[in-house]
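Enquirer: Structure: input.pdb, PDB, C-alpha atoms, pLDDT in the B column.
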ATOM      1  CA  MET A   1    -100.862  28.741 200.327  1.00 44.00           C
ATOM      2  CA  PRO A   2    -102.999  26.845 202.844  1.00 51.00           C
ATOM      3  CA  GLY A   3    -106.749  26.476 202.430  1.00 59.00           C
ATOM      4  CA  ARG A   4    -109.038  27.809 199.727  1.00 72.00           C
ATOM      5  CA  MET A   5    -109.212  31.542 199.050  1.00 75.00           C
ATOM      6  CA  THR A   6    -112.254  33.203 197.521  1.00 78.00           C
ATOM      7  CA  ILE A   7    -111.968  36.571 195.821  1.00 82.00           C
ATOM      8  CA  SER A   8    -114.751  39.120 195.634  1.00 82.00           C
ATOM      9  CA  GLU A   9    -115.850  40.748 192.401  1.00 83.00           C
ATOM     10  CA  ARG A  10    -114.419  44.074 193.557  1.00 85.00           C
ATOM     11  CA  GLU A  11    -111.061  42.456 194.286  1.00 85.00           C
ATOM     12  CA  VAL A  12    -111.069  40.747 190.887  1.00 83.00           C
ATOM     13  CA  ARG A  13    -111.670  44.082 189.164  1.00 86.00           C
ATOM     14  CA  THR A  14    -108.868  45.718 191.157  1.00 86.00           C
ATOM     15  CA  MET A  15    -106.455  42.885 190.392  1.00 87.00           C
ATOM     16  CA  LEU A  16    -107.277  42.993 186.680  1.00 86.00           C
ATOM     17  CA  ARG A  17    -106.653  46.729 186.695  1.00 85.00           C
ATOM     18  CA  LEU A  18    -103.306  46.205 188.409  1.00 86.00           C
ATOM     19  CA  ALA A  19    -102.327  43.465 185.959  1.00 82.00           C
ATOM     20  CA  HIS A  20    -103.116  45.518 182.852  1.00 82.00           C
ATOM     21  CA  VAL A  21    -101.594  48.963 183.209  1.00 78.00           C
ATOM     22  CA  ALA A  22    -101.167  51.274 180.236  1.00 72.00           C
ATOM     23  CA  ASP A  23     -97.492  51.565 179.320  1.00 67.00           C
ATOM     24  CA  GLY A  24     -97.637  55.335 178.966  1.00 69.00           C
ATOM     25  CA  GLU A  25     -99.109  55.953 182.415  1.00 72.00           C
ATOM     26  CA  ASP A  26     -96.703  57.877 184.684  1.00 69.00           C
ATOM     27  CA  SER A  27     -93.883  56.883 182.358  1.00 69.00           C
ATOM     28  CA  GLY A  28     -91.246  58.595 184.488  1.00 75.00           C
ATOM     29  CA  GLN A  29     -91.938  56.374 187.504  1.00 84.00           C
ATOM     30  CA  PRO A  30     -90.787  52.785 188.200  1.00 89.00           C
ATOM     31  CA  LEU A  31     -94.465  51.852 188.673  1.00 91.00           C
ATOM     32  CA  PRO A  32     -97.583  53.892 187.850  1.00 91.00           C
ATOM     33  CA  TRP A  33     -99.147  55.635 190.825  1.00 92.00           C
ATOM     34  CA  SER A  34    -102.411  53.862 190.007  1.00 91.00           C
ATOM     35  CA  VAL A  35    -100.668  50.598 190.932  1.00 93.00           C
ATOM     36  CA  PHE A  36     -99.776  52.025 194.353  1.00 94.00           C
ATOM     37  CA  THR A  37    -103.308  53.273 195.021  1.00 94.00           C
ATOM     38  CA  GLY A  38    -104.773  49.964 193.801  1.00 94.00           C
ATOM     39  CA  LEU A  39    -102.466  47.909 196.015  1.00 95.00           C
ATOM     40  CA  LYS A  40    -103.093  50.193 198.977  1.00 95.00           C
ATOM     41  CA  GLU A  41    -106.839  49.650 198.549  1.00 93.00           C
ATOM     42  CA  LEU A  42    -106.648  45.927 197.804  1.00 94.00           C
ATOM     43  CA  ILE A  43    -104.407  45.020 200.739  1.00 95.00           C
ATOM     44  CA  GLY A  44    -105.734  47.664 203.108  1.00 94.00           C
ATOM     45  CA  SER A  45    -102.404  49.231 203.993  1.00 95.00           C
ATOM     46  CA  ASP A  46    -101.428  52.673 205.228  1.00 95.00           C
ATOM     47  CA  ALA A  47     -98.322  52.802 203.069  1.00 94.00           C
ATOM     48  CA  VAL A  48     -96.907  51.082 199.979  1.00 96.00           C
ATOM     49  CA  GLN A  49     -93.234  51.457 199.124  1.00 95.00           C
ATOM     50  CA  LEU A  50     -91.195  50.174 196.186  1.00 95.00           C
ATOM     51  CA  CYS A  51     -87.508  50.181 197.065  1.00 93.00           C
ATOM     52  CA  GLN A  52     -84.199  48.728 196.022  1.00 91.00           C
ATOM     53  CA  PHE A  53     -80.849  49.333 197.638  1.00 86.00           C
ATOM     54  CA  ASP A  54     -77.376  47.935 197.776  1.00 87.00           C
ATOM     55  CA  ALA A  55     -77.441  46.470 201.282  1.00 86.00           C
ATOM     56  CA  LYS A  56     -73.683  46.053 201.528  1.00 85.00           C
ATOM     57  CA  GLN A  57     -72.849  49.542 200.281  1.00 84.00           C
ATOM     58  CA  ARG A  58     -75.777  51.084 202.190  1.00 84.00           C
ATOM     59  CA  VAL A  59     -76.959  52.916 199.092  1.00 83.00           C
ATOM     60  CA  GLU A  60     -80.589  53.476 198.148  1.00 82.00           C
ATOM     61  CA  MET A  61     -80.948  52.750 194.443  1.00 85.00           C
ATOM     62  CA  LEU A  62     -84.678  53.250 194.019  1.00 87.00           C
ATOM     63  CA  CYS A  63     -87.549  54.517 196.164  1.00 89.00           C
ATOM     64  CA  GLN A  64     -91.169  55.223 195.286  1.00 92.00           C
ATOM     65  CA  GLU A  65     -93.705  55.562 198.073  1.00 92.00           C
ATOM     66  CA  LEU A  66     -97.350  56.323 198.740  1.00 92.00           C
ATOM     67  CA  SER A  67     -97.846  56.732 202.470  1.00 90.00           C
ATOM     68  CA  ASP A  68    -100.175  58.052 205.133  1.00 90.00           C
ATOM     69  CA  LEU A  69     -97.509  57.359 207.777  1.00 84.00           C
ATOM     70  CA  HIS A  70     -95.166  60.253 208.512  1.00 76.00           C
ATOM     71  CA  PRO A  71     -92.971  61.086 211.532  1.00 69.00           C
ATOM     72  CA  SER A  72     -93.836  64.219 213.435  1.00 63.00           C
ATOM     73  CA  GLU A  73     -91.369  67.112 213.524  1.00 62.00           C
ATOM     74  CA  ALA A  74     -91.038  66.573 217.270  1.00 61.00           C
ATOM     75  CA  ASP A  75     -89.995  62.944 216.749  1.00 59.00           C
ATOM     76  CA  LEU A  76     -87.457  63.903 214.104  1.00 57.00           C
ATOM     77  CA  ALA A  77     -86.054  66.652 216.332  1.00 58.00           C
ATOM     78  CA  GLU A  78     -85.242  64.108 219.036  1.00 59.00           C
ATOM     79  CA  ILE A  79     -83.132  61.955 216.721  1.00 55.00           C
ATOM     80  CA  GLU A  80     -79.401  62.249 217.106  1.00 51.00           C
ATOM     81  CA  GLY A  81     -77.808  62.024 213.694  1.00 52.00           C
ATOM     82  CA  SER A  82     -79.547  60.610 210.644  1.00 63.00           C
ATOM     83  CA  TYR A  83     -82.403  58.180 211.072  1.00 67.00           C
ATOM     84  CA  GLU A  84     -81.150  56.453 207.886  1.00 75.00           C
ATOM     85  CA  ASP A  85     -78.009  55.593 209.868  1.00 83.00           C
ATOM     86  CA  SER A  86     -80.185  53.785 212.411  1.00 85.00           C
ATOM     87  CA  PHE A  87     -81.815  51.786 209.642  1.00 89.00           C
ATOM     88  CA  TRP A  88     -78.500  50.571 208.262  1.00 90.00           C
ATOM     89  CA  GLN A  89     -77.011  50.014 211.698  1.00 92.00           C
ATOM     90  CA  HIS A  90     -79.740  47.494 212.528  1.00 94.00           C
ATOM     91  CA  TYR A  91     -80.514  46.171 209.051  1.00 95.00           C
ATOM     92  CA  TRP A  92     -78.605  42.875 209.208  1.00 95.00           C
ATOM     93  CA  SER A  93     -79.801  42.077 212.727  1.00 95.00           C
ATOM     94  CA  SER A  94     -83.449  42.614 211.756  1.00 96.00           C
ATOM     95  CA  PRO A  95     -84.790  39.304 210.371  1.00 96.00           C
ATOM     96  CA  PRO A  96     -87.765  40.811 208.488  1.00 95.00           C
ATOM     97  CA  CYS A  97     -85.449  43.244 206.661  1.00 94.00           C
ATOM     98  CA  ALA A  98     -82.455  41.017 205.938  1.00 95.00           C
ATOM     99  CA  TYR A  99     -84.321  37.761 205.202  1.00 96.00           C
ATOM    100  CA  PRO A 100     -84.187  37.885 201.365  1.00 95.00           C
ATOM    101  CA  ASP A 101     -80.479  38.796 201.482  1.00 94.00           C
ATOM    102  CA  THR A 102     -79.454  36.166 204.031  1.00 94.00           C
ATOM    103  CA  SER A 103     -81.699  33.375 202.709  1.00 95.00           C
ATOM    104  CA  GLY A 104     -81.631  34.071 198.981  1.00 93.00           C
ATOM    105  CA  ASP A 105     -85.423  33.656 198.973  1.00 95.00           C
ATOM    106  CA  VAL A 106     -86.855  36.442 196.826  1.00 94.00           C
ATOM    107  CA  ALA A 107     -90.044  34.565 195.890  1.00 94.00           C
ATOM    108  CA  SER A 108     -91.922  34.324 199.202  1.00 95.00           C
ATOM    109  CA  VAL A 109     -94.274  37.002 200.487  1.00 97.00           C
ATOM    110  CA  THR A 110     -93.290  37.524 204.126  1.00 97.00           C
ATOM    111  CA  LYS A 111     -94.663  39.330 207.169  1.00 97.00           C
ATOM    112  CA  ALA A 112     -92.658  40.738 210.064  1.00 97.00           C
ATOM    113  CA  SER A 113     -94.717  38.479 212.312  1.00 97.00           C
ATOM    114  CA  ASP A 114     -93.288  35.436 210.496  1.00 97.00           C
ATOM    115  CA  PHE A 115     -90.014  36.195 212.269  1.00 97.00           C
ATOM    116  CA  LEU A 116     -90.827  38.085 215.467  1.00 97.00           C
ATOM    117  CA  THR A 117     -93.594  38.135 218.039  1.00 97.00           C
ATOM    118  CA  ASP A 118     -95.161  41.527 218.728  1.00 95.00           C
ATOM    119  CA  ARG A 119     -93.122  41.823 221.891  1.00 96.00           C
ATOM    120  CA  GLU A 120     -89.865  40.940 220.109  1.00 97.00           C
ATOM    121  CA  PHE A 121     -90.670  43.377 217.321  1.00 96.00           C
ATOM    122  CA  HIS A 122     -91.400  46.263 219.703  1.00 95.00           C
ATOM    123  CA  ASN A 123     -88.208  45.546 221.676  1.00 96.00           C
ATOM    124  CA  SER A 124     -86.024  45.385 218.561  1.00 96.00           C
ATOM    125  CA  PRO A 125     -83.552  48.243 217.918  1.00 94.00           C
ATOM    126  CA  MET A 126     -84.919  48.590 214.360  1.00 94.00           C
ATOM    127  CA  TYR A 127     -88.360  49.380 215.739  1.00 93.00           C
ATOM    128  CA  ILE A 128     -87.229  51.567 218.636  1.00 90.00           C
ATOM    129  CA  GLU A 129     -84.786  53.692 216.650  1.00 87.00           C
ATOM    130  CA  TYR A 130     -86.395  53.727 213.209  1.00 87.00           C
ATOM    131  CA  LEU A 131     -89.808  52.167 212.529  1.00 89.00           C
ATOM    132  CA  LYS A 132     -91.502  53.646 215.585  1.00 87.00           C
ATOM    133  CA  LEU A 133     -90.842  57.137 214.232  1.00 84.00           C
ATOM    134  CA  PHE A 134     -92.960  56.407 211.176  1.00 83.00           C
ATOM    135  CA  GLY A 135     -95.741  54.540 212.924  1.00 87.00           C
ATOM    136  CA  GLY A 136     -94.823  51.315 211.141  1.00 88.00           C
ATOM    137  CA  GLU A 137     -96.381  48.583 213.298  1.00 94.00           C
ATOM    138  CA  ARG A 138     -97.228  45.881 210.744  1.00 96.00           C
ATOM    139  CA  GLU A 139     -95.165  44.997 207.691  1.00 97.00           C
ATOM    140  CA  MET A 140     -95.558  42.686 204.717  1.00 98.00           C
ATOM    141  CA  MET A 141     -92.939  42.337 201.981  1.00 97.00           C
ATOM    142  CA  LEU A 142     -93.263  41.187 198.386  1.00 97.00           C
ATOM    143  CA  CYS A 143     -89.921  40.712 196.630  1.00 96.00           C
ATOM    144  CA  LEU A 144     -89.774  40.936 192.853  1.00 94.00           C
ATOM    145  CA  PRO A 145     -87.202  38.888 190.910  1.00 93.00           C
ATOM    146  CA  SER A 146     -83.785  40.340 191.775  1.00 91.00           C
ATOM    147  CA  GLN A 147     -80.450  39.437 193.330  1.00 87.00           C
ATOM    148  CA  PRO A 148     -79.806  39.083 197.075  1.00 87.00           C
ATOM    149  CA  GLY A 149     -77.980  42.193 198.191  1.00 88.00           C
ATOM    150  CA  ARG A 150     -79.933  44.262 195.680  1.00 90.00           C
ATOM    151  CA  VAL A 151     -83.436  43.021 196.351  1.00 94.00           C
ATOM    152  CA  LEU A 152     -86.330  44.784 194.644  1.00 95.00           C
ATOM    153  CA  ARG A 153     -89.129  44.847 197.191  1.00 96.00           C
ATOM    154  CA  LEU A 154     -92.640  46.152 197.652  1.00 97.00           C
ATOM    155  CA  LEU A 155     -93.296  46.943 201.307  1.00 97.00           C
ATOM    156  CA  PHE A 156     -96.756  47.244 202.819  1.00 97.00           C
ATOM    157  CA  TRP A 157     -97.225  48.982 206.170  1.00 96.00           C
ATOM    158  CA  ARG A 158    -100.009  49.385 208.677  1.00 95.00           C
ATOM    159  CA  GLY A 159    -100.135  51.399 211.851  1.00 92.00           C
ATOM    160  CA  PRO A 160    -101.390  49.965 215.150  1.00 91.00           C
ATOM    161  CA  GLY A 161    -104.070  47.312 214.781  1.00 91.00           C
ATOM    162  CA  ARG A 162    -104.598  44.092 212.911  1.00 94.00           C
ATOM    163  CA  ASP A 163    -101.794  42.257 211.191  1.00 96.00           C
ATOM    164  CA  PHE A 164    -101.745  41.353 207.519  1.00 97.00           C
ATOM    165  CA  THR A 165    -103.537  38.072 206.823  1.00 95.00           C
ATOM    166  CA  GLU A 166    -102.885  34.934 204.820  1.00 94.00           C
ATOM    167  CA  ARG A 167    -105.466  36.250 202.388  1.00 93.00           C
ATOM    168  CA  ASP A 168    -103.377  39.395 201.879  1.00 95.00           C
ATOM    169  CA  ARG A 169    -100.342  37.204 201.310  1.00 95.00           C
ATOM    170  CA  GLY A 170    -102.266  35.120 198.781  1.00 93.00           C
ATOM    171  CA  LEU A 171    -103.483  38.137 196.804  1.00 94.00           C
ATOM    172  CA  LEU A 172     -99.936  39.480 196.498  1.00 95.00           C
ATOM    173  CA  THR A 173     -98.610  36.059 195.500  1.00 94.00           C
ATOM    174  CA  LEU A 174    -101.123  36.012 192.629  1.00 92.00           C
ATOM    175  CA  LEU A 175    -100.189  39.526 191.561  1.00 94.00           C
ATOM    176  CA  ARG A 176     -96.415  39.092 191.836  1.00 95.00           C
ATOM    177  CA  PRO A 177     -95.662  38.060 188.205  1.00 94.00           C
ATOM    178  CA  HIS A 178     -97.909  40.807 186.825  1.00 93.00           C
ATOM    179  CA  LEU A 179     -96.335  43.495 188.977  1.00 94.00           C
ATOM    180  CA  TYR A 180     -92.870  42.378 187.940  1.00 93.00           C
ATOM    181  CA  GLU A 181     -93.826  42.369 184.255  1.00 91.00           C
ATOM    182  CA  THR A 182     -95.102  45.944 184.571  1.00 90.00           C
ATOM    183  CA  PHE A 183     -91.905  47.017 186.330  1.00 91.00           C
ATOM    184  CA  LYS A 184     -89.686  45.214 183.814  1.00 88.00           C
ATOM    185  CA  ARG A 185     -91.481  46.698 180.807  1.00 85.00           C
ATOM    186  CA  ARG A 186     -90.974  50.181 182.151  1.00 82.00           C
ATOM    187  CA  GLN A 187     -87.225  49.646 182.649  1.00 79.00           C
ATOM    188  CA  ARG A 188     -86.565  48.772 179.029  1.00 67.00           C
ATOM    189  CA  PRO A 189     -84.588  51.512 177.305  1.00 57.00           C
ATOM    190  CA  LYS A 190     -86.671  53.508 174.887  1.00 54.00           C
ATOM    191  CA  VAL A 191     -85.190  53.127 171.420  1.00 53.00           C
ATOM    192  CA  ALA A 192     -85.231  56.421 169.583  1.00 58.00           C
ATOM    193  CA  LEU A 193     -86.708  55.880 166.141  1.00 62.00           C
ATOM    194  CA  PRO A 194     -85.239  57.841 163.246  1.00 71.00           C
ATOM    195  CA  THR A 195     -87.366  60.882 162.467  1.00 79.00           C
ATOM    196  CA  LEU A 196     -89.130  60.965 159.126  1.00 83.00           C
ATOM    197  CA  THR A 197     -90.201  64.131 157.373  1.00 86.00           C
ATOM    198  CA  PRO A 198     -93.950  64.893 157.294  1.00 85.00           C
ATOM    199  CA  ARG A 199     -94.005  63.915 153.601  1.00 88.00           C
ATOM    200  CA  GLN A 200     -92.247  60.599 154.290  1.00 89.00           C
ATOM    201  CA  THR A 201     -94.623  59.875 157.139  1.00 85.00           C
ATOM    202  CA  GLU A 202     -97.627  60.594 154.918  1.00 87.00           C
ATOM    203  CA  LEU A 203     -96.208  58.285 152.271  1.00 90.00           C
ATOM    204  CA  MET A 204     -95.579  55.482 154.756  1.00 86.00           C
ATOM    205  CA  LYS A 205     -99.153  55.663 156.016  1.00 84.00           C
ATOM    206  CA  LEU A 206    -100.350  54.985 152.483  1.00 87.00           C
ATOM    207  CA  VAL A 207     -97.844  52.154 152.095  1.00 87.00           C
ATOM    208  CA  ALA A 208     -99.020  50.692 155.395  1.00 80.00           C
ATOM    209  CA  VAL A 209    -102.587  50.255 154.135  1.00 75.00           C
ATOM    210  CA  GLY A 210    -101.371  48.427 151.040  1.00 79.00           C
ATOM    211  CA  TYR A 211    -101.208  51.043 148.284  1.00 85.00           C
ATOM    212  CA  THR A 212     -98.821  50.403 145.390  1.00 90.00           C
ATOM    213  CA  ASN A 213     -96.216  52.958 144.346  1.00 91.00           C
ATOM    214  CA  ASN A 214     -98.499  54.045 141.505  1.00 91.00           C
ATOM    215  CA  GLN A 215    -101.476  54.501 143.856  1.00 91.00           C
ATOM    216  CA  VAL A 216     -99.337  56.407 146.347  1.00 92.00           C
ATOM    217  CA  ALA A 217     -98.064  58.663 143.561  1.00 92.00           C
ATOM    218  CA  ARG A 218    -101.618  59.515 142.435  1.00 90.00           C
ATOM    219  CA  ARG A 219    -102.772  60.343 145.966  1.00 89.00           C
ATOM    220  CA  LEU A 220     -99.740  62.528 146.656  1.00 90.00           C
ATOM    221  CA  SER A 221     -99.809  64.095 143.169  1.00 90.00           C
ATOM    222  CA  VAL A 222     -96.198  63.152 142.463  1.00 91.00           C
ATOM    223  CA  SER A 223     -94.512  60.867 139.985  1.00 93.00           C
ATOM    224  CA  GLU A 224     -93.957  57.180 140.674  1.00 92.00           C
ATOM    225  CA  ALA A 225     -90.220  57.835 140.401  1.00 93.00           C
ATOM    226  CA  THR A 226     -90.512  60.354 143.252  1.00 94.00           C
ATOM    227  CA  VAL A 227     -92.278  57.753 145.388  1.00 93.00           C
ATOM    228  CA  ARG A 228     -89.481  55.261 144.707  1.00 93.00           C
ATOM    229  CA  LYS A 229     -86.881  57.865 145.664  1.00 93.00           C
ATOM    230  CA  HIS A 230     -88.737  58.638 148.895  1.00 93.00           C
ATOM    231  CA  LEU A 231     -88.804  54.922 149.724  1.00 93.00           C
ATOM    232  CA  GLU A 232     -85.079  54.583 149.042  1.00 92.00           C
ATOM    233  CA  ASN A 233     -84.378  57.468 151.428  1.00 91.00           C
ATOM    234  CA  ILE A 234     -86.698  55.994 154.061  1.00 91.00           C
ATOM    235  CA  PHE A 235     -85.085  52.539 153.779  1.00 90.00           C
ATOM    236  CA  GLU A 236     -81.634  54.081 154.182  1.00 88.00           C
ATOM    237  CA  ARG A 237     -82.700  56.167 157.174  1.00 87.00           C
ATOM    238  CA  LEU A 238     -84.345  53.214 158.902  1.00 85.00           C
ATOM    239  CA  GLN A 239     -81.663  50.715 157.836  1.00 83.00           C
ATOM    240  CA  VAL A 240     -84.222  48.322 156.354  1.00 84.00           C
ATOM    241  CA  ASP A 241     -84.613  46.839 152.894  1.00 85.00           C
ATOM    242  CA  SER A 242     -88.335  46.303 152.380  1.00 84.00           C
ATOM    243  CA  ARG A 243     -91.658  48.098 152.595  1.00 84.00           C
ATOM    244  CA  THR A 244     -92.900  45.675 155.258  1.00 80.00           C
ATOM    245  CA  ALA A 245     -89.846  46.208 157.444  1.00 80.00           C
ATOM    246  CA  ALA A 246     -90.193  49.982 157.137  1.00 83.00           C
ATOM    247  CA  VAL A 247     -93.859  49.890 158.126  1.00 78.00           C
ATOM    248  CA  THR A 248     -93.095  47.660 161.118  1.00 73.00           C
ATOM    249  CA  ARG A 249     -90.086  49.711 162.138  1.00 72.00           C
ATOM    250  CA  VAL A 250     -91.757  53.106 162.192  1.00 66.00           C
ATOM    251  CA  LEU A 251     -95.492  53.082 161.781  1.00 54.00           C
ATOM    252  CA  GLY A 252     -96.183  49.998 163.845  1.00 48.00           C
ATOM    253  CA  ALA A 253     -94.136  51.282 166.803  1.00 48.00           C
ATOM    254  CA  GLU A 254     -94.381  55.044 166.470  1.00 46.00           C
ATOM    255  CA  TYR A 255     -97.858  55.645 165.127  1.00 39.00           C
ATOM    256  CA  GLY A 256     -99.774  52.595 166.262  1.00 37.00           C
ATOM    257  CA  ILE A 257    -100.826  51.488 162.781  1.00 36.00           C
ATOM    258  CA  ARG A 258    -101.532  47.759 162.642  1.00 36.00           C
TER     259      ARG A 258
END
Taking this structure as input, can you express it in the form of structure tokens?
Expert:
Amino acid sequence: MPGRMTISEREVRTMLRLAHVADGEDSGQPLPWSVFTGLKELIGSDAVQLCQFDAKQRVEMLCQELSDLHPSEADLAEIEGSYEDSFWQHYWSSPPCAYPDTSGDVASVTKASDFLTDREFHNSPMYIEYLKLFGGEREMMLCLPSQPGRVLRLLFWRGPGRDFTERDRGLLTLLRPHLYETFKRRQRPKVALPTLTPRQTELMKLVAVGYTNNQVARRLSVSEATVRKHLENIFERLQVDSRTAAVTRVLGAEYGIR
């Protein structure tokens, strides 16, 4: 990245917020919506889109978007056939779109203007038959670690006006590993923990803070033999063989007890 880049206090706060997102936030989405709004503000874009598709099969695998750019009904009415067909028809001949697939470079942050002059861009079939409908005049692309042909990309769009800057490119380059880590964490399959009874859970909370079987028995008003039997049942259910493993397996993950 050429030259020195200074970052304002506001930008630092935004970047820290983007880098440390709560795991439970918008858990059904590939990325939390707060990440989209933060990126939209930080980069100054009219639209942010996370997408992944199989470029050879022409199949969209993932799409999440926050956008102020929308085609008018009149524009859509003039289209013959599907506008998605136009996108795929011109995909491989559009350097800004196909670059990560044809080059294998999924690390660089690129702008459409890296490949085409404004005149070339506005004369391109991709712009005339697809991008123009959505008011997409300026594009910047951040690819997250993925395979060519199935590139995971964050797209930033602006309408007419100034292009994205080297500063914008630098900010996204700094954020790239943090954004990918957030995405990757949210793709991990959630392991369903075996369900304990309320009594077993109560017992395990006492075990977690270090009480002996005798102390647990006194607090639950049961015999020590009953506590041992509960622990045997818990160990069998969790497929563990120690108190420590049981606490880590259930209480540490499920109930947040440290």
Enquirer: For the provided coordinates, the residues matched by the PyMOL selection byres ((chain A and resi 52) around 9) should be stated as an mmCIF file with C-alpha atoms, keeping the file's coordinate frame.
Expert:
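Result file follows (expr_38.cif):
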data_model
loop_
_atom_site.group_PDB
_atom_site.id
_atom_site.type_symbol
_atom_site.label_atom_id
_atom_site.label_comp_id
_atom_site.auth_asym_id
_atom_site.auth_seq_id
_atom_site.Cartn_x
_atom_site.Cartn_y
_atom_site.Cartn_z
ATOM 1 C CA LEU A 50 -91.195 50.174 196.186
ATOM 2 C CA CYS A 51 -87.508 50.181 197.065
ATOM 3 C CA PHE A 53 -80.849 49.333 197.638
ATOM 4 C CA ASP A 54 -77.376 47.935 197.776
ATOM 5 C CA ALA A 55 -77.441 46.470 201.282
ATOM 6 C CA VAL A 59 -76.959 52.916 199.092
ATOM 7 C CA GLU A 60 -80.589 53.476 198.148
ATOM 8 C CA MET A 61 -80.948 52.750 194.443
ATOM 9 C CA LEU A 62 -84.678 53.250 194.019
ATOM 10 C CA CYS A 63 -87.549 54.517 196.164
ATOM 11 C CA ARG A 150 -79.933 44.262 195.680
ATOM 12 C CA VAL A 151 -83.436 43.021 196.351
ATOM 13 C CA LEU A 152 -86.330 44.784 194.644
ATOM 14 C CA ARG A 153 -89.129 44.847 197.191
ATOM 15 C CA LEU A 154 -92.640 46.152 197.652
#
Enquirer: Starting from the displayed file, determine the output of the PyMOL selection byres ((chain A and resi 68) around 7) and express the residue list as a list in words.
Expert: Asp46, Ala47, Ser67, Leu69 and His70 of chain A
Enquirer: Can you pull out every residue within 10 Å of Glu11 of chain A, counting all atoms listed in the file, but drop anything in the same chain fewer than 3 positions away, and send it as a VMD selection string?
Expert: chain A and resid 6 to 8 14 to 17 38 41 to 43 171
Enquirer: Which one is closest to Gln239 of chain A: A:Ser223, A:Glu65, A:Pro194, A:Pro95? Count all atoms listed in the file.
Expert: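 Ranking A:Ser223, A:Glu65, A:Pro194, A:Pro95 by distance to Gln239 of chain A, first place goes to A:Pro194.
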Enquirer: Expand the PyMOL selection byres ((chain A and resi 177) around 12) into the explicit residue set it covers here, and present it as a ChimeraX atom specification.
Expert: /A:18-20,107,142-145,171-176,178-184
Enquirer: Which value, in Å to one decimal, gives the distance between atom CA of Val227 of chain A and atom CA of Met204 of chain A?
Expert: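 Here the two named atoms are 10.2 Å from each other.
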Enquirer: Under the rule that all atoms listed in the file are counted, which of A:Gln187, A:Asn123, A:Gln57, A:Ser45 is the nearest residue to Arg138 of chain A?
Expert: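 Going through A:Gln187, A:Asn123, A:Gln57, A:Ser45 one by one, the smallest distance to Arg138 of chain A is for A:Ser45.
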Enquirer: At a cut-off of 10 Å, using all atoms listed in the file, what residues contact Trp92 of chain A? Leave out same-chain residues fewer than 2 positions from it and give the result as a list in words.
Expert: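 Selected residues are Ala55, Lys56, Phe87, Trp88, Gln89, His90, Ser94, Pro95, Pro96, Cys97, Ala98, Tyr99, Asp101, Thr102 and Met126 of chain A.
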Enquirer: Using all atoms listed in the file, pick whichever of A:Phe164, A:Val247, A:Phe235, A:Thr201 has the shortest atom-to-atom distance to Asp114 of chain A.
Expert: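 Smallest distance to Asp114 of chain A is found for A:Phe164.
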Enquirer: Measuring atom to atom with only C-alpha atoms, identify which of A:Leu131, A:Leu155, A:Leu196, A:Val106 is nearest to Leu39 of chain A.
Expert: A:Leu155
